[in-house]
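**Q** Next up, query_14.cif (mmCIF, C-alpha atoms (C1' of nucleotides)).
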data_input
loop_
_atom_site.label_atom_id
_atom_site.label_comp_id
_atom_site.auth_asym_id
_atom_site.auth_seq_id
_atom_site.Cartn_x
_atom_site.Cartn_y
_atom_site.Cartn_z
CA MET K 1 26.91 168.43 160.42
CA GLN K 2 30.38 167.01 159.70
CA SER K 3 29.13 166.61 156.16
CA ASP K 4 31.15 167.24 153.01
CA PRO K 5 31.34 170.78 151.58
CA LEU K 6 28.97 170.21 148.67
CA SER K 7 26.31 168.76 150.95
CA ALA K 8 26.75 171.67 153.33
CA THR K 9 26.31 174.11 150.46
CA PHE K 10 23.21 172.48 148.98
CA SER K 11 21.79 172.06 152.45
CA ALA K 12 22.32 175.75 153.18
CA LEU K 13 20.61 176.66 149.91
CA ALA K 14 17.63 174.43 150.70
CA ASP K 15 15.85 177.09 152.70
CA PRO K 16 14.02 180.12 151.31
CA THR K 17 15.00 182.35 154.22
CA ARG K 18 18.66 181.60 153.65
CA ARG K 19 18.36 182.12 149.91
CA ALA K 20 16.70 185.47 150.60
CA ILE K 21 19.57 186.38 152.91
CA LEU K 22 22.06 185.57 150.16
CA ALA K 23 20.03 187.60 147.68
CA ARG K 24 20.16 190.56 150.03
CA LEU K 25 23.90 190.12 150.55
CA ALA K 26 24.47 190.07 146.81
CA GLN K 27 23.49 193.75 146.93
CA GLY K 28 26.20 194.43 149.46
CA GLU K 29 27.46 193.91 152.97
CA THR K 30 24.99 194.55 155.77
CA THR K 31 24.26 193.95 159.45
CA VAL K 32 22.39 191.09 161.08
CA SER K 33 19.42 193.24 162.14
CA GLU K 34 19.03 194.62 158.65
CA LEU K 35 19.16 191.09 157.26
CA ALA K 36 16.56 190.01 159.79
CA ALA K 37 14.16 192.92 159.17
CA PRO K 38 12.20 191.43 156.22
CA PHE K 39 11.42 188.21 158.09
CA GLU K 40 8.76 187.50 160.65
CA MET K 41 10.99 185.27 162.71
CA SER K 42 12.99 186.21 165.77
CA LEU K 43 16.55 187.50 165.65
CA PRO K 44 18.04 184.31 167.13
CA ALA K 45 16.43 182.36 164.32
CA VAL K 46 18.21 184.57 161.79
CA THR K 47 21.47 184.18 163.72
CA LYS K 48 21.04 180.43 163.32
CA HIS K 49 20.45 180.73 159.60
CA LEU K 50 23.59 182.84 159.36
CA LYS K 51 25.53 180.17 161.22
CA VAL K 52 24.40 177.59 158.68
CA LEU K 53 25.48 179.90 155.85
CA GLN K 54 28.82 180.53 157.54
CA ARG K 55 29.52 176.85 158.11
CA ALA K 56 28.85 176.34 154.40
CA GLY K 57 31.30 179.16 153.69
CA LEU K 58 28.65 181.20 151.89
CA VAL K 59 28.78 184.10 154.30
CA CYS K 60 31.50 185.58 156.43
CA GLN K 61 31.00 187.98 159.23
CA GLY K 62 33.29 190.79 160.39
CA ARG K 63 33.03 193.04 163.43
CA GLN K 64 32.59 196.75 163.58
CA ALA K 65 31.67 198.10 167.00
CA GLN K 66 28.58 196.18 168.07
CA TRP K 67 27.69 195.21 164.51
CA ARG K 68 28.68 192.02 162.74
CA PRO K 69 28.59 193.00 159.05
CA CYS K 70 27.90 190.02 156.81
CA ARG K 71 29.37 189.48 153.39
CA LEU K 72 28.59 187.01 150.64
CA GLU K 73 31.28 184.47 149.73
CA THR K 74 30.79 182.92 146.33
CA ALA K 75 33.32 180.10 146.27
CA PRO K 76 30.83 177.42 147.45
CA LEU K 77 28.30 178.68 144.91
CA GLN K 78 30.88 178.17 142.20
CA GLU K 79 31.46 174.62 143.33
CA ALA K 80 27.74 173.91 143.45
CA ALA K 81 27.34 175.41 139.98
CA GLY K 82 30.20 173.22 138.82
CA TRP K 83 28.54 170.11 140.15
CA ILE K 84 25.24 170.84 138.45
CA GLU K 85 27.06 171.83 135.30
CA GLU K 86 28.16 168.20 134.90
CA TYR K 87 24.54 167.46 134.08
CA ARG K 88 24.08 170.20 131.53
CA ARG K 89 25.50 167.94 128.84
CA PHE K 90 22.81 165.47 129.84
CA TRP K 91 19.84 167.81 129.66
CA GLU K 92 21.03 169.39 126.45
CA LEU K 93 21.30 165.92 124.97
CA ARG K 94 17.69 165.32 125.93
CA LEU K 95 16.68 168.61 124.31
CA ASP K 96 18.44 167.51 121.14
CA ARG K 97 16.44 164.31 121.17
CA LEU K 98 13.23 166.29 121.57
CA GLU K 99 14.22 168.43 118.61
CA ASP K 100 14.98 165.32 116.57
CA TYR K 101 11.59 163.96 117.52
CA LEU K 102 9.80 167.16 116.53
CA ARG K 103 11.70 167.24 113.26
CA ALA K 104 10.74 163.64 112.63
CA LEU K 105 7.08 164.51 113.25
CA GLN K 106 7.28 167.38 110.76
CA SER K 107 8.84 165.28 108.05
CA GLN K 108 6.03 162.73 108.33
CA PRO K 109 3.02 165.06 108.52
CA GLY K 110 0.40 162.39 107.83
CA LYS K 111 1.68 160.04 110.54
CA THR K 112 -0.23 161.71 113.43
CA MET M 1 7.74 168.78 153.18
CA GLN M 2 5.30 171.16 151.49
CA SER M 3 8.36 173.25 150.69
CA ASP M 4 8.86 175.18 147.48
CA PRO M 5 10.40 173.39 144.45
CA LEU M 6 13.82 175.03 144.69
CA SER M 7 14.14 174.11 148.35
CA ALA M 8 13.08 170.55 147.56
CA THR M 9 15.71 170.37 144.83
CA PHE M 10 18.58 171.75 146.88
CA SER M 11 17.52 169.62 149.81
CA ALA M 12 17.54 166.52 147.62
CA LEU M 13 21.02 167.40 146.36
CA ALA M 14 22.32 167.91 149.91
CA ASP M 15 23.11 164.25 150.40
CA PRO M 16 26.07 162.36 148.93
CA THR M 17 24.10 159.13 148.52
CA ARG M 18 21.46 160.93 146.50
CA ARG M 19 24.04 162.74 144.39
CA ALA M 20 25.70 159.39 143.70
CA ILE M 21 22.34 157.98 142.64
CA LEU M 22 21.88 160.87 140.22
CA ALA M 23 25.40 160.35 138.89
CA ARG M 24 24.58 156.72 138.24
CA LEU M 25 21.30 157.62 136.54
CA ALA M 26 23.09 160.08 134.28
CA GLN M 27 24.64 156.99 132.68
CA GLY M 28 21.22 155.58 131.98
CA GLU M 29 18.02 154.13 133.37
CA THR M 30 18.40 151.35 135.92
CA THR M 31 16.64 149.40 138.65
CA VAL M 32 16.41 150.10 142.36
CA SER M 33 18.57 147.14 143.38
CA GLU M 34 21.28 148.12 140.94
CA LEU M 35 21.17 151.66 142.29
CA ALA M 36 21.38 150.31 145.82
CA ALA M 37 24.28 147.92 145.17
CA PRO M 38 27.19 150.35 145.70
CA PHE M 39 25.90 151.46 149.10
CA GLU M 40 26.24 149.80 152.45
CA MET M 41 22.77 150.77 153.55
CA SER M 42 19.62 148.67 153.37
CA LEU M 43 17.28 148.64 150.39
CA PRO M 44 14.51 150.50 152.23
CA ALA M 45 16.97 153.30 152.93
CA VAL M 46 17.63 153.59 149.19
CA THR M 47 13.91 153.52 148.50
CA LYS M 48 13.58 156.48 150.83
CA HIS M 49 16.32 158.38 149.06
CA LEU M 50 14.58 157.68 145.78
CA LYS M 51 11.34 159.05 147.23
CA VAL M 52 13.11 162.27 148.15
CA LEU M 53 14.51 162.49 144.62
CA GLN M 54 11.09 161.79 143.14
CA ARG M 55 9.36 164.40 145.27
CA ALA M 56 11.95 166.88 144.04
CA GLY M 57 11.15 165.77 140.48
CA LEU M 58 14.74 164.69 139.88
CA VAL M 59 13.89 161.06 139.29
CA CYS M 60 10.89 159.30 137.89
CA GLN M 61 10.16 155.65 138.20
CA GLY M 62 8.38 153.37 135.75
CA ARG M 63 7.33 149.77 136.17
CA GLN M 64 8.41 146.74 134.22
CA ALA M 65 7.40 143.43 135.78
CA GLN M 66 8.73 143.52 139.33
CA TRP M 67 11.31 146.18 138.53
CA ARG M 68 10.88 149.92 138.97
CA PRO M 69 13.33 151.38 136.44
CA CYS M 70 14.49 154.84 137.52
CA ARG M 71 15.26 157.69 135.18
CA LEU M 72 16.91 161.04 135.71
CA GLU M 73 14.78 164.15 135.18
CA THR M 74 16.81 167.28 134.63
CA ALA M 75 14.23 170.06 134.84
CA PRO M 76 14.80 170.77 138.55
CA LEU M 77 18.56 170.76 137.96
CA GLN M 78 18.08 173.40 135.32
CA GLU M 79 16.11 175.55 137.74
CA ALA M 80 18.72 175.12 140.43
CA ALA M 81 21.44 176.01 137.92
CA GLY M 82 19.40 179.06 136.95
CA TRP M 83 19.16 180.21 140.53
CA ILE M 84 22.88 179.89 141.15
CA GLU M 85 23.59 181.50 137.80
CA GLU M 86 22.14 184.75 139.14
CA TYR M 87 25.21 184.95 141.32
CA ARG M 88 27.73 184.30 138.59
CA ARG M 89 27.68 187.98 137.70
CA PHE M 90 28.57 188.62 141.31
CA TRP M 91 31.52 186.27 141.56
CA GLU M 92 32.90 187.31 138.20
CA LEU M 93 32.69 190.90 139.35
CA ARG M 94 34.75 189.98 142.38
CA LEU M 95 37.29 188.27 140.13
CA ASP M 96 37.48 191.44 138.05
CA ARG M 97 38.21 193.41 141.19
CA LEU M 98 40.95 190.99 142.10
CA GLU M 99 42.45 191.41 138.64
CA ASP M 100 42.23 195.17 138.96
CA TYR M 101 43.95 194.92 142.28
CA LEU M 102 46.73 192.76 140.90
CA ARG M 103 47.17 195.12 137.94
CA ALA M 104 47.34 198.03 140.36
CA LEU M 105 50.05 196.23 142.32
CA GLN M 106 52.07 195.65 139.15
CA SER M 107 51.87 199.28 138.03
CA GLN M 108 53.21 200.44 141.39
CA PRO M 109 56.03 197.94 141.90
CA GLY M 110 57.77 199.81 144.72
CA LYS M 111 54.60 200.14 146.81
CA THR M 112 54.85 196.70 148.46
"C1'" DG R 1 -1.19 127.44 144.09
"C1'" DA R 2 3.22 127.93 146.40
"C1'" DC R 3 7.92 130.05 145.78
"C1'" DT R 4 11.03 133.48 144.78
"C1'" DA R 5 12.60 138.13 143.38
"C1'" DA R 6 12.17 143.07 143.49
"C1'" DC R 7 10.45 146.55 145.86
"C1'" DT R 8 7.62 149.29 149.20
"C1'" DT R 9 5.37 150.27 153.60
"C1'" DA R 10 5.12 150.34 158.54
"C1'" DA R 11 6.93 150.98 162.93
"C1'" DC R 12 10.52 152.38 165.32
"C1'" DC R 13 14.80 155.01 166.88
"C1'" DA R 14 18.47 158.63 167.22
"C1'" DT R 15 19.86 162.87 165.75
"C1'" DA R 16 19.41 167.24 163.24
"C1'" DA R 17 16.75 171.36 161.83
"C1'" DG R 18 14.16 175.32 162.65
"C1'" DG R 19 11.71 177.83 165.61
"C1'" DT R 20 10.75 179.99 170.38
"C1'" DT R 21 11.88 182.88 174.86
"C1'" DA R 22 15.08 184.31 178.31
"C1'" DA R 23 19.63 185.26 179.65
"C1'" DA R 24 24.50 186.54 178.42
"C1'" DT R 25 28.06 189.40 175.84
"C1'" DA R 26 30.18 193.34 173.54
"C1'" DA R 27 30.71 197.85 172.56
"C1'" DA R 28 29.20 202.58 172.40
"C1'" DC R 29 27.12 206.34 175.18
"C1'" DA R 30 25.44 209.52 179.06
"C1'" DT Q 1 29.13 203.35 186.28
"C1'" DG Q 2 24.87 202.28 184.47
"C1'" DT Q 3 22.12 202.05 180.07
"C1'" DT Q 4 21.13 201.13 175.55
"C1'" DT Q 5 22.01 198.73 171.12
"C1'" DA Q 6 23.41 194.77 168.48
"C1'" DT Q 7 24.02 190.20 168.53
"C1'" DT Q 8 24.85 185.56 170.40
"C1'" DT Q 9 24.15 181.59 173.49
"C1'" DA Q 10 21.37 178.47 176.20
"C1'" DA Q 11 17.50 175.74 177.02
"C1'" DC Q 12 13.70 174.03 175.25
"C1'" DC Q 13 10.07 172.22 171.93
"C1'" DT Q 14 8.27 170.09 167.58
"C1'" DT Q 15 8.93 168.12 163.37
"C1'" DA Q 16 11.92 166.25 159.72
"C1'" DT Q 17 15.75 163.14 158.23
"C1'" DG Q 18 18.15 159.02 157.67
"C1'" DG Q 19 18.77 154.83 159.17
"C1'" DT Q 20 17.10 150.12 160.97
"C1'" DT Q 21 14.21 145.50 160.87
"C1'" DA Q 22 10.01 143.09 159.89
"C1'" DA Q 23 6.01 142.64 157.31
"C1'" DG Q 24 3.46 143.65 153.01
"C1'" DT Q 25 2.87 143.84 147.79
"C1'" DT Q 26 3.47 142.68 142.89
"C1'" DA Q 27 4.73 139.92 139.33
"C1'" DG Q 28 7.05 136.28 137.14
"C1'" DT Q 29 8.24 130.96 137.74
"C1'" DC Q 30 7.94 125.81 139.18
#
Give the structure from the file, written as structure tokens.
**A**
Amino acid sequence: MQSDPLSATFSALADPTRRAILARLAQGETTVSELAAPFEMSLPAVTKHLKVLQRAGLVCQGRQAQWRPCRLETAPLQEAAGWIEEYRRFWELRLDRLEDYLRALQSQPGKT
Amino acid sequence: MQSDPLSATFSALADPTRRAILARLAQGETTVSELAAPFEMSLPAVTKHLKVLQRAGLVCQGRQAQWRPCRLETAPLQEAAGWIEEYRRFWELRLDRLEDYLRALQSQPGKT
DNA sequence: GACTAACTTAACCATAAGGTTAAATAAACA
DNA sequence: TGTTTATTTAACCTTATGGTTAAGTTAGTC
């Protein structure tokens, strides 16, 4: 805790249960119990996962009678995507080099 | 440990020291001590961070005399980017709705 | 062969993460 | 008012994380 937003986001994404919760929420708002249904863990465990997601700003929860409908918030995902995107240049560069290498191999067929 | 690759990747990215290490490696291969220099922590702490990055497949280490030159590996970043990308559709959709909403406001200027 | 440099491993510590069960809250319902 | 439904909070446990210092290891150098 008390970590920077990016760390909080990546940390929240570093758990398959939480990623599954986000995947479910991408299909639309739903309740805690419905979110919990697919998992074998207890409800309090899911509540905890939701708290992690909320602290990261990935989920926000409303209230409607005794239900706490959860909704996906994408802003932190956009920031995370932005961070990783910085490296795209890098991996595309490496792909280019691989292509150069393969081209070089083809132009010297007897070399191998 | 023994977690799935995506979790390992996000988990590795969920630490500012490790992200800084990756940023440094994006500029080119370098040694452990050089990687450690900017940080106030001990060398063993950096070694541990490097282990986390290696287990996530984000960094690989060679050997050259007593140095262990570290290199950035981008494959896990690409997978992580791919996962987040699934949600881009979702956040762009929400932006569209916002635009629609704003347009609707403009076409009914007296409504507010 | 001893010395130094560059790391890693081991042992330890404090705190955080992820789960549990049991008890508390909140809001509808009979 | 008492009960049920939905969810959270509290207390606890185990294991993981992130740091430390001290002791290896590995490979050049005097």
**Q** Around (22.9, 177.3, 159.1) in the file's own coordinates, what residues are found within 9 Å if you use all atoms listed in the file, given back as an MDAnalysis selection string?
**A** (chainID K and resid 8 11:12 18 47:56) or (chainID R and resid 17)
**Q** What would you get as an mmCIF file with C-alpha atoms, in the coordinates of the input if chain M were moved onto chain K by least squares over all of its C-alpha atoms in order?
**A**
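As written to disk, result-v6.cif reads:
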data_model
loop_
_atom_site.group_PDB
_atom_site.id
_atom_site.type_symbol
_atom_site.label_atom_id
_atom_site.label_comp_id
_atom_site.auth_asym_id
_atom_site.auth_seq_id
_atom_site.Cartn_x
_atom_site.Cartn_y
_atom_site.Cartn_z
ATOM 1 C CA MET M 1 27.075 168.323 160.514
ATOM 2 C CA GLN M 2 30.510 166.964 159.601
ATOM 3 C CA SER M 3 29.106 166.608 156.098
ATOM 4 C CA ASP M 4 31.069 167.223 152.928
ATOM 5 C CA PRO M 5 31.263 170.791 151.518
ATOM 6 C CA LEU M 6 28.861 170.229 148.627
ATOM 7 C CA SER M 7 26.232 168.775 150.933
ATOM 8 C CA ALA M 8 26.695 171.691 153.320
ATOM 9 C CA THR M 9 26.242 174.123 150.442
ATOM 10 C CA PHE M 10 23.132 172.523 148.988
ATOM 11 C CA SER M 11 21.721 172.095 152.463
ATOM 12 C CA ALA M 12 22.287 175.776 153.194
ATOM 13 C CA LEU M 13 20.552 176.716 149.941
ATOM 14 C CA ALA M 14 17.563 174.483 150.736
ATOM 15 C CA ASP M 15 15.817 177.143 152.771
ATOM 16 C CA PRO M 16 13.967 180.179 151.410
ATOM 17 C CA THR M 17 14.983 182.396 154.331
ATOM 18 C CA ARG M 18 18.634 181.629 153.718
ATOM 19 C CA ARG M 19 18.312 182.166 149.977
ATOM 20 C CA ALA M 20 16.666 185.518 150.687
ATOM 21 C CA ILE M 21 19.560 186.420 152.969
ATOM 22 C CA LEU M 22 22.018 185.597 150.194
ATOM 23 C CA ALA M 23 19.970 187.648 147.738
ATOM 24 C CA ARG M 24 20.149 190.590 150.100
ATOM 25 C CA LEU M 25 23.895 190.154 150.584
ATOM 26 C CA ALA M 26 24.422 190.101 146.831
ATOM 27 C CA GLN M 27 23.460 193.784 146.966
ATOM 28 C CA GLY M 28 26.188 194.452 149.474
ATOM 29 C CA GLU M 29 27.497 193.931 152.979
ATOM 30 C CA THR M 30 25.050 194.573 155.803
ATOM 31 C CA THR M 31 24.339 193.962 159.474
ATOM 32 C CA VAL M 32 22.480 191.119 161.138
ATOM 33 C CA SER M 33 19.524 193.257 162.217
ATOM 34 C CA GLU M 34 19.106 194.654 158.734
ATOM 35 C CA LEU M 35 19.209 191.129 157.343
ATOM 36 C CA ALA M 36 16.643 190.052 159.909
ATOM 37 C CA ALA M 37 14.238 192.953 159.322
ATOM 38 C CA PRO M 38 12.241 191.495 156.400
ATOM 39 C CA PHE M 39 11.478 188.276 158.274
ATOM 40 C CA GLU M 40 8.846 187.574 160.858
ATOM 41 C CA MET M 41 11.096 185.335 162.887
ATOM 42 C CA SER M 42 13.147 186.273 165.933
ATOM 43 C CA LEU M 43 16.712 187.546 165.757
ATOM 44 C CA PRO M 44 18.188 184.352 167.220
ATOM 45 C CA ALA M 45 16.523 182.402 164.426
ATOM 46 C CA VAL M 46 18.297 184.618 161.886
ATOM 47 C CA THR M 47 21.560 184.195 163.756
ATOM 48 C CA LYS M 48 21.118 180.459 163.367
ATOM 49 C CA HIS M 49 20.493 180.760 159.656
ATOM 50 C CA LEU M 50 23.617 182.866 159.379
ATOM 51 C CA LYS M 51 25.574 180.167 161.213
ATOM 52 C CA VAL M 52 24.408 177.600 158.684
ATOM 53 C CA LEU M 53 25.471 179.919 155.863
ATOM 54 C CA GLN M 54 28.825 180.525 157.524
ATOM 55 C CA ARG M 55 29.501 176.838 158.068
ATOM 56 C CA ALA M 56 28.805 176.336 154.376
ATOM 57 C CA GLY M 57 31.275 179.149 153.648
ATOM 58 C CA LEU M 58 28.611 181.196 151.879
ATOM 59 C CA VAL M 59 28.778 184.094 154.291
ATOM 60 C CA CYS M 60 31.515 185.554 156.397
ATOM 61 C CA GLN M 61 31.051 187.949 159.225
ATOM 62 C CA GLY M 62 33.349 190.735 160.376
ATOM 63 C CA ARG M 63 33.078 192.948 163.421
ATOM 64 C CA GLN M 64 32.700 196.686 163.611
ATOM 65 C CA ALA M 65 31.789 197.996 167.056
ATOM 66 C CA GLN M 66 28.680 196.088 168.091
ATOM 67 C CA TRP M 67 27.778 195.185 164.521
ATOM 68 C CA ARG M 68 28.714 191.986 162.716
ATOM 69 C CA PRO M 69 28.661 193.012 159.044
ATOM 70 C CA CYS M 70 27.926 190.019 156.813
ATOM 71 C CA ARG M 71 29.377 189.473 153.380
ATOM 72 C CA LEU M 72 28.565 187.016 150.636
ATOM 73 C CA GLU M 73 31.241 184.474 149.707
ATOM 74 C CA THR M 74 30.725 182.931 146.304
ATOM 75 C CA ALA M 75 33.234 180.080 146.232
ATOM 76 C CA PRO M 76 30.759 177.423 147.419
ATOM 77 C CA LEU M 77 28.205 178.695 144.900
ATOM 78 C CA GLN M 78 30.751 178.190 142.173
ATOM 79 C CA GLU M 79 31.334 174.617 143.294
ATOM 80 C CA ALA M 80 27.626 173.934 143.439
ATOM 81 C CA ALA M 81 27.221 175.444 139.969
ATOM 82 C CA GLY M 82 30.075 173.237 138.790
ATOM 83 C CA TRP M 83 28.404 170.131 140.116
ATOM 84 C CA ILE M 84 25.093 170.892 138.449
ATOM 85 C CA GLU M 85 26.903 171.885 135.278
ATOM 86 C CA GLU M 86 27.979 168.263 134.848
ATOM 87 C CA TYR M 87 24.364 167.524 134.068
ATOM 88 C CA ARG M 88 23.888 170.284 131.542
ATOM 89 C CA ARG M 89 25.305 168.032 128.849
ATOM 90 C CA PHE M 90 22.626 165.565 129.838
ATOM 91 C CA TRP M 91 19.659 167.901 129.672
ATOM 92 C CA GLU M 92 20.826 169.492 126.449
ATOM 93 C CA LEU M 93 21.136 166.027 124.982
ATOM 94 C CA ARG M 94 17.538 165.375 125.931
ATOM 95 C CA LEU M 95 16.517 168.649 124.295
ATOM 96 C CA ASP M 96 18.336 167.564 121.145
ATOM 97 C CA ARG M 97 16.367 164.339 121.165
ATOM 98 C CA LEU M 98 13.154 166.275 121.514
ATOM 99 C CA GLU M 99 14.145 168.425 118.548
ATOM 100 C CA ASP M 100 14.994 165.334 116.544
ATOM 101 C CA TYR M 101 11.642 163.917 117.436
ATOM 102 C CA LEU M 102 9.815 167.060 116.394
ATOM 103 C CA ARG M 103 11.776 167.183 113.128
ATOM 104 C CA ALA M 104 10.883 163.551 112.523
ATOM 105 C CA LEU M 105 7.214 164.372 113.063
ATOM 106 C CA GLN M 106 7.401 167.227 110.557
ATOM 107 C CA SER M 107 9.058 165.115 107.861
ATOM 108 C CA GLN M 108 6.301 162.517 108.134
ATOM 109 C CA PRO M 109 3.245 164.776 108.274
ATOM 110 C CA GLY M 110 0.663 162.065 107.592
ATOM 111 C CA LYS M 111 1.947 159.780 110.359
ATOM 112 C CA THR M 112 -0.019 161.437 113.189
#
**Q** Write out as a PyMOL selection string which residues come within 12 Å of DC13 (chain R) when counting all atoms listed in the file, dropping same-chain ones fewer than 5 positions away.
**A** chain Q and resi 17-21
**Q** Considering all atoms listed in the file, can you say which of Q:DT3, Q:DA27, Q:DA16, Q:DT8 comes closest to DA24 (chain R)?
**A**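 That would be Q:DT8, the residue with the smallest distance to DA24 (chain R).
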**Q** Compute the chain M side of the contact with chain R at 8 Å, counting all atoms listed in the file, and hand it back as a list in words.
**A**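 Result: Val32, Ser33, Pro44, Thr47, Gln66, Trp67 and Arg68 of chain M.
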**Q** Taking a cut-off of 10 Å and counting all atoms listed in the file, can you build a table that, for each residue of chain M near chain K, reports the nearest atom pair and how far apart they are in Å (one decimal), sorted by chain then residue number, as a tab-separated table?
**A**
residue	atom	partner	partner_atom	distance
M:Ser3	CA	K:Asp15	CA	8.7
M:Asp4	CA	K:Pro16	CA	8.1
M:Pro5	CA	K:Ala14	CA	9.6
M:Leu6	CA	K:Ala14	CA	7.1
M:Ser7	CA	K:Ala14	CA	4.2
M:Ala8	CA	K:Ala14	CA	6.8
M:Thr9	CA	K:Ala14	CA	7.4
M:Phe10	CA	K:Ala14	CA	4.8
M:Ser11	CA	K:Ala14	CA	4.9
M:Ala12	CA	K:Phe10	CA	8.3
M:Leu13	CA	K:Phe10	CA	6.1
M:Ala14	CA	K:Ser7	CA	4.2
M:Asp15	CA	K:Ser7	CA	5.6
M:Pro16	CA	K:Ser7	CA	6.7
M:Arg19	CA	K:Ser7	CA	9.2
M:Leu22	CA	K:Tyr87	CA	9.4
M:Ala23	CA	K:Tyr87	CA	8.6
M:Ala26	CA	K:Phe90	CA	7.0
M:Gln27	CA	K:Phe90	CA	9.1
M:Leu72	CA	K:Phe90	CA	9.4
M:Glu73	CA	K:Trp91	CA	8.3
M:Thr74	CA	K:Trp91	CA	5.8
M:Ala75	CA	K:Trp91	CA	8.0
M:Leu77	CA	K:Ile84	CA	6.7
M:Gln78	CA	K:Arg88	CA	7.8
M:Ala80	CA	K:Ile84	CA	8.0
M:Ala81	CA	K:Ala81	CA	6.3
M:Gly82	CA	K:Ala81	CA	9.2
M:Trp83	CA	K:Ala81	CA	9.5
M:Ile84	CA	K:Ala81	CA	6.4
M:Glu85	CA	K:Ala81	CA	7.5
M:Glu86	CA	K:Ala23	CA	9.2
M:Tyr87	CA	K:Ala26	CA	7.5
M:Arg88	CA	K:Gln78	CA	7.8
M:Arg89	CA	K:Ala26	CA	9.9
M:Phe90	CA	K:Ala26	CA	7.0
M:Trp91	CA	K:Thr74	CA	5.9
M:Glu92	CA	K:Thr74	CA	9.5
M:Arg94	CA	K:Thr74	CA	9.0
**Q** Enter the distance from CA of Thr31 (chain M) to C1' of DG24 (chain Q), in Å, rounded to one decimal.
**A**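 Separation of CA of Thr31 (chain M) and C1' of DG24 (chain Q): 20.3 Å.
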**Q** Just to confirm, what's the straight-line distance from CA of Cys70 (chain M) to CA of Ile21 (chain M) in Å (one decimal)?
**A**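 Taking CA of Cys70 (chain M) as the start and CA of Ile21 (chain M) as the end point, the length is 9.9 Å.
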**Q** Have a look at CA of Ala65 (chain K) and C1' of DT4 (chain Q) and let me know their distance in Å, one decimal.
**A**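 Pair CA of Ala65 (chain K) / C1' of DT4 (chain Q) returns 13.9 Å.
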